[in-house]
Amino acid sequence: EDWKDVKMTISNGDPTESGVAPSLKPWYLYFGQARNELSETLESKVQGLSNGNEVRGTVTERGTGLGLPGVQIMVKGTSIGTASDANGNYSLKLPKDAQTLVVSSIGYKKQEAFINGNMVNISLEQDSQSLNEVVVVGYGAQRKMSLTGSITSVAAAPLETTQKYQPTTLVFDIEVPYTILNDGKVYSVDIKTQSVPALYEYFAVPKLEKDAFLTAKLIDWQELNLLEGEVNLYLEGAYLGKSILDVRHAKDTLNISLGKDKGIIIERKKLKQFSNQQFLSNNKTENRAYEISIRNNKQQSINIVILDQFPISTTKDISVEEQEYKDATMDKESKILTWKYELPAKQEKKHVIRYGVKYPKNQVLVLE
C-alpha cells in the first residue's frame with residue numbers, strides 16, 4: 001500500500017514495550033590457566049570501535065521460506081534497530097551489551113532471537129489474529145522513513161518539524177504531509193540539522209589491536225536530544241561506514257568512533273633481552289618487557305591516548321613487580337597504564353613497559 005500525503009510523527013518511544021572507547025578492566029593472575037577476562041571483553045569492545053559489532057541475517061516466512069521485507073529487528077531493551085530489505089536481509093550494528101533481538105512484523109507473531117554469533121537467521125510464523133490498528137514508529141535507526149538509513153533519496157532541506165517533549169519521549173511532528181511508497185526501498189530524510197563542536201582524539205590499545213581509532217568527543221551532548229541507533233559516518237565529505245550511537249552509556253562526554261585511521265602506525269613487540277625466567281629456591285621469576293611504537297604519518301599533529309596494563313596478583317603466592325612505565329600514569333586499583341599526549345606530524349614515539357612476576361616453580365602461570 002502506498003501512503004500518499006500522510007501526517008508523520010517520529011518518536012523515540014516504543015509502543016510495543018510493556019509499561020553499548022573500549023574500556024580496560026583489571027588483569028588477574030590465576031594458577032594453571034589464563035584468566036584474562038579483560039582481554040576477551042576488551043577485544044569485543046575494541047572491535048566495536050571500528051564501527052560497532054554487527055549482526056546480519058535473513059528473515060523468512062515459516063513454511064514457505066520466502067524472505068520477508070519490512071520486518072522490524074530491534075535490540076531488546078533499546079530503540080536501536082533496523083528493517084529487513086526487499087529480500088528479507090538485514091544488518092545491524094550492535095551496542096556493547098546486546099544479547100537478544102526482538103523481531104516483529106504486521107501479520108506475524110513477534111519472536112525473540114538470542115545473538116549467538118554474527119549471523120542470526122529468523123523464521124516468523126503467521127498470526128491469524130485480526131489487526132484493528134497499525135502504529136508506525138521511527139526509532140532513529142533504519143526504517144521506511146529513517147533518520148540514518150541507507151540513502152536512496154534525500155530531501156534538499158530538512159523537513160519542517162515541531163519538537164514536543166513528553167515525560168519519557170521526544171516527538172517530531174512532520175508539518176508537511178509526506179509520501180512513502182511501497183517499493184521496498186529505504187529512504188533517509190533530514191528533519192533537523194545542527195553544527196556541533198567536537199574534540200578529535202585518537203585511541204589505541206596495542207595489546208589487543210594494532211590500530212588507532214579516531215574518536216569525536218561531544219561536550220554537553222544532552223542538549224542535542226539525540227536518538228540512539230545506527231549512524232552513518234562522514235568525515236570531510238567521505239563516507240566512512242556505520243557505527244552505533246549509544247547514548248545510554250554516555251556520561252558528561254559522548255564519544256563517537258569514526259573508525260580506524262591507517263595513517264597512524266602502531267606496533268607492540270616483546271623485548272627478548274628483558275624477557276626471561278629465573279629460578280631461585282622454590283620460586284620462579286618471569287620477566288616481561290614490551291616496546292610500543294606509535295608513528296604519525298599524517299600531515300598534521302594528533303592527540304592520542306594509549307592504554308596498556310600490568311597484571312594483578314590474586315594470591316600471596318604471586319608477586320608482581322612493576323619495573324618500568326615511563327611517562328605513563330597508572331591506576332592503582334586496575335593497574336591500567338595511560339599515555340596521553342600530542343604527537344607531531346611525521347614523528348614517532350616509543351614506550352616501554354617492563355614487569356616481573358614471582359611465583360612457586362611447581363605452579364603454571366600464563367603471562368601472555
# chains A, B, ... in the order shown; residues from 1 in each chain; ligands from 1
>>> residues_around(residues="A:Lys316", least_positions_apart="3", cutoff="10 Å", atoms="only C-alpha atoms", output="PDB file with N, CA and C atoms, in the first residue's frame")
ATOM      1  N   SER A 313      48.027  -9.572  41.032  1.00  0.00           N
ATOM      2  CA  SER A 313      48.085 -10.819  41.792  1.00  0.00           C
ATOM      3  C   SER A 313      46.766 -11.063  42.514  1.00  0.00           C
ATOM      4  N   SER A 319      53.681 -12.619  43.175  1.00  0.00           N
ATOM      5  CA  SER A 319      54.172 -11.271  43.431  1.00  0.00           C
ATOM      6  C   SER A 319      54.501 -10.594  42.103  1.00  0.00           C
ATOM      7  N   TYR A 359      56.536 -16.536  41.440  1.00  0.00           N
ATOM      8  CA  TYR A 359      55.534 -17.490  41.920  1.00  0.00           C
ATOM      9  C   TYR A 359      56.210 -18.857  42.118  1.00  0.00           C
TER      10      TYR A 359
END
>>> closest_residue(among="A:Met74, A:Leu29, A:Ile294, A:Met8", to="A:Lys349", atoms="only C-alpha atoms")
A:Ile294
>>> select_by_dssp(residues="stretch 287-367 of chain A", states="strand (DSSP E)", output="count of residues only")
49
>>> closest_residue(among="A:Ser293, A:Thr253, A:Gln347, A:Ser275", to="A:Asp211", atoms="only C-alpha atoms")
A:Ser293
>>> residues_around(residues="A:Gln277", least_positions_apart="4", cutoff="9 Å", atoms="only C-alpha atoms", output="ChimeraX atom specification")
/A:284-287
>>> write_last_selection(atoms="N, CA and C atoms", output="compact mmCIF listing (two decimals), in the first residue's frame")
# COMPACT_ATOMS: atom_id res chain seq x y z
N LYS A 284 60.05 -19.13 41.09
CA LYS A 284 60.46 -18.82 39.72
C LYS A 284 60.03 -17.39 39.42
N THR A 285 60.91 -16.63 38.76
CA THR A 285 60.58 -15.26 38.38
C THR A 285 60.61 -15.14 36.86
N GLU A 286 59.52 -14.64 36.31
CA GLU A 286 59.45 -14.39 34.87
C GLU A 286 59.40 -12.89 34.64
N ASN A 287 60.27 -12.42 33.77
CA ASN A 287 60.31 -11.00 33.42
C ASN A 287 59.76 -10.81 32.01
